[in-house]
$ cat final.cif   # mmCIF, C-alpha atoms
data_final
loop_
_atom_site.label_atom_id
_atom_site.label_comp_id
_atom_site.auth_asym_id
_atom_site.auth_seq_id
_atom_site.Cartn_x
_atom_site.Cartn_y
_atom_site.Cartn_z
CA MET N 26 8.80 57.04 164.07
CA GLY N 27 5.17 56.70 164.94
CA GLY N 28 3.31 59.96 164.82
CA ASN N 29 0.25 59.57 162.63
CA SER N 30 1.32 56.72 160.38
CA PRO N 31 1.58 53.21 161.81
CA CYS N 32 4.92 51.45 161.67
CA ALA N 33 5.43 48.48 159.36
CA SER N 34 4.71 45.97 162.12
CA CYS N 35 1.45 47.54 163.22
CA LYS N 36 0.38 47.80 159.58
CA LEU N 37 1.06 44.10 159.05
CA LEU N 38 -0.53 43.12 162.35
CA ARG N 39 -3.43 45.47 161.63
CA ARG N 40 -3.43 47.20 164.93
CA ARG N 41 -3.14 50.69 166.26
CA CYS N 42 0.44 51.92 166.44
CA ALA N 43 0.91 53.29 169.94
CA LYS N 44 3.28 56.16 170.67
CA ASP N 45 5.51 53.79 172.65
CA CYS N 46 5.26 50.96 170.12
CA ILE N 47 8.30 48.76 170.68
CA PHE N 48 8.64 47.99 166.98
CA ALA N 49 8.22 51.48 165.55
CA PRO N 50 11.85 52.71 165.87
CA TYR N 51 13.18 49.67 164.01
CA PHE N 52 10.51 48.86 161.47
CA PRO N 53 9.61 52.02 159.57
CA SER N 54 6.52 52.02 157.40
CA ASP N 55 8.57 52.58 154.23
CA ASP N 56 10.16 49.12 154.53
CA PRO N 57 7.37 46.62 155.09
CA HIS N 58 9.50 43.69 153.90
CA ARG N 59 11.84 44.03 156.88
CA PHE N 60 9.19 43.29 159.47
CA ALA N 61 7.41 40.78 157.28
CA ILE N 62 10.49 38.62 157.09
CA VAL N 63 11.28 38.56 160.82
CA HIS N 64 7.64 37.99 161.62
CA LYS N 65 7.62 35.03 159.25
CA VAL N 66 10.60 33.37 160.92
CA PHE N 67 10.41 34.43 164.56
CA GLY N 68 6.90 35.74 165.10
CA ALA N 69 5.97 39.20 166.33
CA SER N 70 5.46 38.18 169.96
CA ASN N 71 8.88 36.49 170.14
CA ILE N 72 10.56 39.56 168.67
CA SER N 73 8.73 41.78 171.14
CA LYS N 74 9.87 39.59 174.05
CA MET N 75 13.47 39.63 172.83
CA LEU N 76 13.46 43.41 172.47
CA GLN N 77 11.89 43.93 175.88
CA GLU N 78 14.70 41.97 177.48
CA LEU N 79 17.33 44.26 175.97
CA PRO N 80 18.37 47.77 176.94
CA ILE N 81 17.20 50.35 174.40
CA HIS N 82 20.69 51.13 173.09
CA GLN N 83 21.15 47.49 172.01
CA ARG N 84 17.82 46.98 170.32
CA ALA N 85 18.76 48.38 166.91
CA ASP N 86 21.68 45.94 166.60
CA ALA N 87 19.49 43.10 167.79
CA VAL N 88 16.85 43.89 165.17
CA ASN N 89 19.47 44.12 162.43
CA SER N 90 20.87 40.72 163.36
CA LEU N 91 17.38 39.21 163.53
CA VAL N 92 16.63 40.57 160.06
CA TYR N 93 19.90 39.08 158.83
CA GLU N 94 19.06 35.68 160.29
CA ALA N 95 15.54 35.77 158.93
CA ASN N 96 16.82 36.61 155.45
CA ALA N 97 19.32 33.76 155.67
CA ARG N 98 16.56 31.36 156.69
CA VAL N 99 14.35 32.42 153.79
CA ARG N 100 17.22 32.05 151.33
CA ASP N 101 18.17 28.68 152.79
CA PRO N 102 15.20 27.13 154.60
CA VAL N 103 17.19 24.06 155.66
CA TYR N 104 20.43 25.54 157.02
CA GLY N 105 19.72 29.25 157.45
CA CYS N 106 22.73 31.12 158.88
CA VAL N 107 24.48 27.85 159.60
CA GLY N 108 24.98 27.46 155.86
CA ALA N 109 26.81 30.77 155.75
CA ILE N 110 28.89 29.84 158.80
CA SER N 111 29.87 26.56 157.18
CA TYR N 112 30.91 28.33 153.99
CA LEU N 113 32.98 30.88 155.90
CA GLN N 114 34.68 28.22 158.01
CA ASN N 115 35.61 26.42 154.83
CA GLN N 116 37.08 29.66 153.48
CA VAL N 117 39.08 30.15 156.68
CA ALA N 118 40.50 26.63 156.39
CA GLN N 119 41.47 27.16 152.74
CA LEU N 120 43.08 30.51 153.46
CA GLN N 121 45.05 29.03 156.34
CA MET N 122 46.34 26.39 153.95
CA GLN N 123 47.39 29.11 151.51
CA LEU N 124 49.05 31.04 154.32
CA ALA N 125 50.95 27.96 155.44
CA VAL N 126 52.18 27.39 151.88
CA VAL N 127 53.38 30.95 151.53
CA GLN N 128 55.03 30.86 154.96
CA ALA N 129 56.77 27.63 154.08
CA GLU N 130 58.09 29.23 150.91
CA ILE N 131 59.44 32.14 152.90
CA LEU N 132 61.08 29.73 155.33
CA CYS N 133 62.83 28.09 152.41
CA ILE N 134 64.11 31.41 151.19
CA GLN N 135 65.22 32.39 154.70
CA VAL N 136 67.04 29.09 155.10
CA GLN N 137 68.80 29.61 151.79
CA GLN N 138 69.91 33.06 152.78
CA GLU N 139 70.94 32.20 156.33
CA PRO N 140 71.14 28.45 156.65
CA MET N 141 72.59 28.54 160.19
CA ILE N 142 69.53 30.33 161.62
CA LEU N 143 66.72 27.95 162.60
CA PRO N 144 63.33 28.99 161.13
CA SER N 145 60.79 30.28 163.68
CA GLN N 146 57.43 28.56 164.11
CA PRO N 147 54.84 29.85 161.64
CA PRO N 148 52.19 32.00 163.24
CA VAL N 149 49.33 29.73 162.09
CA ALA N 150 49.27 28.05 165.49
CA ALA N 151 48.97 31.47 167.16
CA MET N 152 46.04 32.26 164.93
CA GLU N 153 44.28 29.12 166.15
CA ALA N 154 43.91 30.71 169.56
CA GLY N 155 41.72 33.45 168.18
CA MET N 156 40.00 31.31 165.58
CA MET N 157 36.97 30.13 167.37
CA ASP N 158 36.42 32.40 170.33
CA GLY N 159 33.00 33.65 171.17
CA PRO N 160 29.80 31.95 172.25
CA MET N 161 30.21 28.95 170.00
CA ASP N 162 33.58 27.27 169.54
CA HIS N 163 34.35 24.74 166.91
CA LYS N 164 34.19 21.73 169.18
CA SER N 165 30.75 22.30 170.67
CA GLY N 166 27.44 23.07 169.03
CA LEU N 167 28.40 23.98 165.50
CA GLY N 168 31.39 21.59 165.46
CA GLY N 169 29.20 18.62 166.22
CA PHE N 170 26.69 19.65 163.59
CA LEU N 171 29.04 20.61 160.79
CA HIS N 172 32.08 18.40 161.38
CA SER N 173 30.68 15.33 159.75
CA ASN N 174 28.59 17.12 157.17
CA VAL N 175 30.74 19.76 155.59
CA LEU N 176 34.38 20.18 156.45
CA PRO N 177 36.89 17.49 155.50
CA SER N 178 38.76 16.26 158.56
CA GLN N 179 42.16 17.39 157.29
CA TYR N 180 40.93 21.00 157.44
CA LEU N 181 39.59 20.60 160.92
CA SER N 182 42.84 19.15 162.25
CA PHE N 183 45.06 21.44 160.19
CA SER N 184 45.31 24.20 162.75
CA SER N 185 47.18 22.10 165.30
CA SER N 186 50.84 23.10 165.45
CA SER N 187 52.22 19.59 164.99
CA ASN N 188 50.30 19.18 161.74
CA VAL N 189 51.55 22.56 160.55
CA THR N 190 55.17 21.63 161.19
CA THR N 191 54.80 18.33 159.32
CA HIS N 192 53.01 20.11 156.51
CA VAL N 193 55.65 22.84 156.33
CA GLU N 194 58.42 20.24 156.11
CA SER N 195 56.80 18.48 153.17
CA LEU N 196 56.11 21.80 151.48
CA LYS N 197 59.75 22.82 151.96
CA ARG N 198 60.87 19.82 149.96
CA GLU N 199 58.43 20.65 147.18
CA SER N 200 59.36 24.33 147.26
CA LEU N 201 63.05 23.52 146.94
CA SER N 202 62.46 21.53 143.78
CA PHE N 203 60.32 24.41 142.54
CA LEU N 204 63.18 26.83 143.15
CA GLY N 205 65.57 24.47 141.43
CA HIS N 206 68.09 24.25 144.25
CA ASP N 207 69.61 21.22 145.87
CA MET N 208 69.06 21.24 149.58
CA VAL N 209 71.65 20.06 151.97
CA SER N 210 69.43 19.31 154.96
CA MET I 17 11.22 8.27 167.39
CA ALA I 18 8.75 8.50 170.22
CA VAL I 19 7.85 5.14 171.62
CA HIS I 20 4.11 4.68 171.83
CA GLY I 21 3.11 5.97 175.25
CA SER I 22 6.19 8.19 175.80
CA ARG I 23 6.19 11.80 174.75
CA CYS I 24 8.89 13.66 172.87
CA ALA I 25 10.54 16.71 174.46
CA ALA I 26 8.30 19.08 172.48
CA CYS I 27 5.04 17.47 173.52
CA LYS I 28 6.22 17.25 177.12
CA TYR I 29 7.08 20.93 177.03
CA LEU I 30 3.77 21.82 175.43
CA ARG I 31 1.92 19.49 177.78
CA ARG I 32 0.08 17.64 175.12
CA ARG I 33 -0.31 14.13 173.84
CA CYS I 34 2.46 13.00 171.48
CA PRO I 35 0.86 11.46 168.37
CA GLN I 36 2.45 8.66 166.38
CA ASP I 37 3.20 11.03 163.51
CA CYS I 38 4.43 13.89 165.72
CA ILE I 39 6.62 16.10 163.54
CA PHE I 40 8.81 17.06 166.48
CA SER I 41 9.54 13.66 167.98
CA PRO I 42 12.33 12.49 165.60
CA HIS I 43 14.26 15.70 166.23
CA PHE I 44 13.47 16.57 169.83
CA PRO I 45 13.86 13.40 171.86
CA SER I 46 12.75 13.36 175.48
CA SER I 47 16.37 12.74 176.50
CA ASN I 48 17.27 16.33 175.58
CA PRO I 49 14.54 18.68 176.84
CA GLN I 50 16.77 21.74 176.57
CA ARG I 51 17.02 21.39 172.80
CA PHE I 52 13.33 22.08 172.31
CA ALA I 53 13.25 24.66 175.09
CA TYR I 54 15.83 26.72 173.19
CA VAL I 55 14.04 26.66 169.82
CA HIS I 56 10.70 27.27 171.45
CA ARG I 57 12.02 30.31 173.27
CA ILE I 58 13.32 31.93 170.08
CA TYR I 59 10.98 30.73 167.36
CA GLY I 60 7.89 29.36 169.08
CA ALA I 61 6.49 25.87 168.58
CA SER I 62 4.23 26.84 165.71
CA ASN I 63 7.03 28.39 163.64
CA VAL I 64 9.34 25.45 164.32
CA GLY I 65 6.65 23.06 163.19
CA LYS I 66 6.08 25.06 160.01
CA MET I 67 9.78 25.20 159.23
CA LEU I 68 10.12 21.47 159.75
CA GLU I 69 7.15 20.70 157.61
CA ARG I 70 7.17 23.07 154.71
CA ILE I 71 9.70 25.08 152.76
CA ALA I 72 7.15 27.07 150.81
CA LEU I 73 5.82 28.75 153.91
CA LEU I 74 9.10 30.60 154.24
CA LYS I 75 8.83 32.16 150.80
CA LEU I 76 7.30 35.58 150.96
CA ASP I 77 6.27 35.71 147.33
CA GLY I 78 3.42 33.26 147.59
CA PHE I 79 2.90 29.57 148.00
CA GLU I 80 2.64 28.35 144.43
CA ASN I 81 4.79 25.33 145.15
CA ASP I 82 3.79 23.98 148.50
CA GLN I 83 6.78 21.76 149.07
CA ARG I 84 7.11 19.50 152.01
CA VAL I 85 10.54 19.35 153.54
CA PRO I 86 12.04 15.94 152.71
CA GLU I 87 12.45 13.74 155.77
CA PHE I 88 16.22 13.60 155.51
CA GLU I 89 16.41 17.41 155.48
CA ARG I 90 14.30 17.87 158.58
CA SER I 91 17.08 16.86 160.94
CA HIS I 92 19.26 19.56 159.38
CA VAL I 93 16.47 22.08 159.84
CA ALA I 94 16.12 21.09 163.51
CA ASP I 95 19.87 21.14 164.10
CA SER I 96 20.36 24.53 162.50
CA LEU I 97 17.39 26.03 164.34
CA HIS I 98 18.78 24.68 167.60
CA PHE I 99 22.22 26.12 166.87
CA GLU I 100 20.84 29.54 165.99
CA ALA I 101 18.53 29.56 169.00
CA LYS I 102 21.42 28.65 171.30
CA CYS I 103 23.56 31.41 169.82
CA ARG I 104 20.74 33.91 170.30
CA ILE I 105 20.21 32.90 173.92
CA GLU I 106 23.92 33.20 174.64
CA ASP I 107 24.23 36.48 172.75
CA PRO I 108 20.80 38.18 172.73
CA VAL I 109 22.04 41.13 170.67
CA TYR I 110 23.90 39.46 167.81
CA GLY I 111 23.07 35.74 168.00
CA CYS I 112 24.94 33.68 165.42
CA VAL I 113 25.50 36.82 163.35
CA GLY I 114 28.25 37.66 165.85
CA PHE I 115 29.93 34.39 164.91
CA ILE I 116 29.63 35.22 161.21
CA SER I 117 31.10 38.64 161.83
CA ARG I 118 34.10 37.13 163.65
CA LEU I 119 34.67 34.66 160.81
CA GLU I 120 34.58 37.45 158.23
CA HIS I 121 37.04 39.42 160.31
CA GLN I 122 39.27 36.37 160.52
CA ILE I 123 39.14 35.92 156.74
CA HIS I 124 40.21 39.53 156.18
CA SER I 125 42.99 39.09 158.68
CA ILE I 126 44.35 35.93 157.03
CA GLU I 127 44.08 37.49 153.57
CA SER I 128 46.11 40.47 154.79
CA GLU I 129 48.72 38.18 156.24
CA ILE I 130 48.93 36.23 152.98
CA ALA I 131 49.41 39.47 151.06
CA MET I 132 52.08 40.69 153.49
CA THR I 133 53.88 37.36 153.41
CA ARG I 134 53.87 37.33 149.61
CA ALA I 135 55.26 40.86 149.55
CA LEU I 136 57.97 39.80 151.97
CA MET I 137 58.73 36.76 149.82
CA MET I 138 59.16 38.97 146.78
CA MET I 139 61.60 41.13 148.73
CA TYR I 140 63.57 38.05 149.78
CA GLU I 141 63.60 36.72 146.23
CA SER I 142 64.82 39.98 144.76
CA SER I 143 67.48 40.16 147.50
CA LEU I 144 68.53 36.62 146.63
CA ASN I 145 68.70 37.50 142.94
CA ARG I 146 70.84 40.54 143.71
CA GLN I 147 73.25 38.36 145.72
CA LYS I 148 73.51 35.94 142.82
CA GLY I 149 74.15 38.82 140.44
CA GLY I 150 76.90 40.16 142.78
CA PRO I 151 80.70 39.96 142.23
CA SER I 152 81.78 36.78 140.53
CA GLU I 153 83.02 34.07 142.86
CA HIS I 154 85.52 32.41 140.58
#

$ encode --input "final.cif" --output "structure tokens"
Amino acid sequence: MGGNSPCASCKLLRRRCAKDCIFAPYFPSDDPHRFAIVHKVFGASNISKMLQELPIHQRADAVNSLVYEANARVRDPVYGCVGAISYLQNQVAQLQMQLAVVQAEILCIQVQQEPMILPSQPPVAAMEAGMMDGPMDHKSGLGGFLHSNVLPSQYLSFSSSSNVTTHVESLKRESLSFLGHDMVS
Amino acid sequence: MAVHGSRCAACKYLRRRCPQDCIFSPHFPSSNPQRFAYVHRIYGASNVGKMLERIALLKLDGFENDQRVPEFERSHVADSLHFEAKCRIEDPVYGCVGFISRLEHQIHSIESEIAMTRALMMMYESSLNRQKGGPSEH
């Protein structure tokens, strides 16, 4: 990057593109939209500060994530990336419901085949442990913002093991009628 | 809302007078100075103000419809900016995109487990059907 032609950021900012331009490796001149969008949302000086605080080998990933966030904010000026997070969390909750249903159906079949063996606890509770790790967990930050606005409470409480067991029991009864067998419980 | 004579967190941070119609004051109360500090560090006061005030400014293809952000939406703008800024400060490389990536990974993982469980269920069902179709019991 660099050489004789200015990078996309220096073109937009109308300045000389130095050989050690911090933006040049990540904002090539053939993609002016990329810098334009991050400049619009974050501002060139803020991006420069963020990049300066990072080691060189991490800057490409940082720029890519900033571009992603900026695009999300342009697409959704009110919620930005948080809109996408909310949608994905909703998907996770729905899929966990589906998984619980399927696991309950398997439990029914297992019980039919070997009624003396007690069914093991579904792994949904184990999945909860890895569900919200990372810098923001569901209870803080995002949880406070999204809990009341987007996700119904039954999805938010669904991942607790006691709720799963109750849910599995009720599903068992439904599944048995579906299979057309009388259950001697 | 900023009480007349007391400044919001943004105006305190920026060391300026807080006007009656300050765009920041409903969303950055003086009781939570860190909230504005985070968004200012990542976006800058000017960009935050623009994003609170106008949607059209974020559109790159021109400003034909200069729409003001409705009042009730501004708190969502402020909250989401704060969340994203906090994520970026805690994870300077990936910000909230790291969170999105983990959620997508989790979705793939659950979908795989659903598929595996369904396959297992089909095996059980066919095994059950074979048992039923076994030697007659009477």

$ interface_residues --input "final.cif" --of "chain I" --to "chain N" --cutoff "6 Å" --atoms "only C-alpha atoms" --output "ChimeraX atom specification"
/I:59,74,93,96,109-110,116,123,130,137

$ closest_residue --input "final.cif" --among "I:Ser117, I:Ser22, I:Ser128, I:Ser143" --to "Cys38 of chain I" --atoms "all atoms listed in the file"
I:Ser22

$ atom_distance --input "final.cif" --atom1 "atom CA of Arg51 of chain I" --atom2 "atom CA of His98 of chain I"
6.4 Å

$ atom_distance --input "final.cif" --atom1 "atom CA of Tyr140 of chain I" --atom2 "atom CA of Ser125 of chain I"
22.4 Å

$ resolve_selection --input "final.cif" --expression "the PyMOL selection byres ((chain I and resi 86) around 12)" --output "list in words"
Pro102 and Val103 of chain N; Met67, Leu68, Glu69, Arg70, Ile71, Gln83, Arg84, Val85, Glu87, Phe88, Glu89, Arg90, Ser91, His92 and Val93 of chain I

$ atom_distance --input "final.cif" --atom1 "atom CA of Asp56 of chain N" --atom2 "atom CA of Cys32 of chain N"
9.2 Å

$ residues_around --input "final.cif" --residues "Ser47 of chain I" --least-positions-apart "4" --cutoff "12 Å" --atoms "only C-alpha atoms" --output "list in words"
Met17, Ala18, Ser22, Arg23, Cys24, Ala25, Ala26, Lys28, Ser41, Pro42, His43, Arg51 and Phe52 of chain I

$ closest_residue --input "final.cif" --among "I:Asp107, I:Glu120, I:Glu100, I:Glu127" --to "His56 of chain I" --atoms "only C-alpha atoms"
I:Glu100

$ resolve_selection --input "final.cif" --expression "the PyMOL selection byres ((chain N and resi 36) around 12)" --output "NGL selection string"
:N and (27 or 30-35 or 37-43 or 48-49 or 52-58 or 60-61)
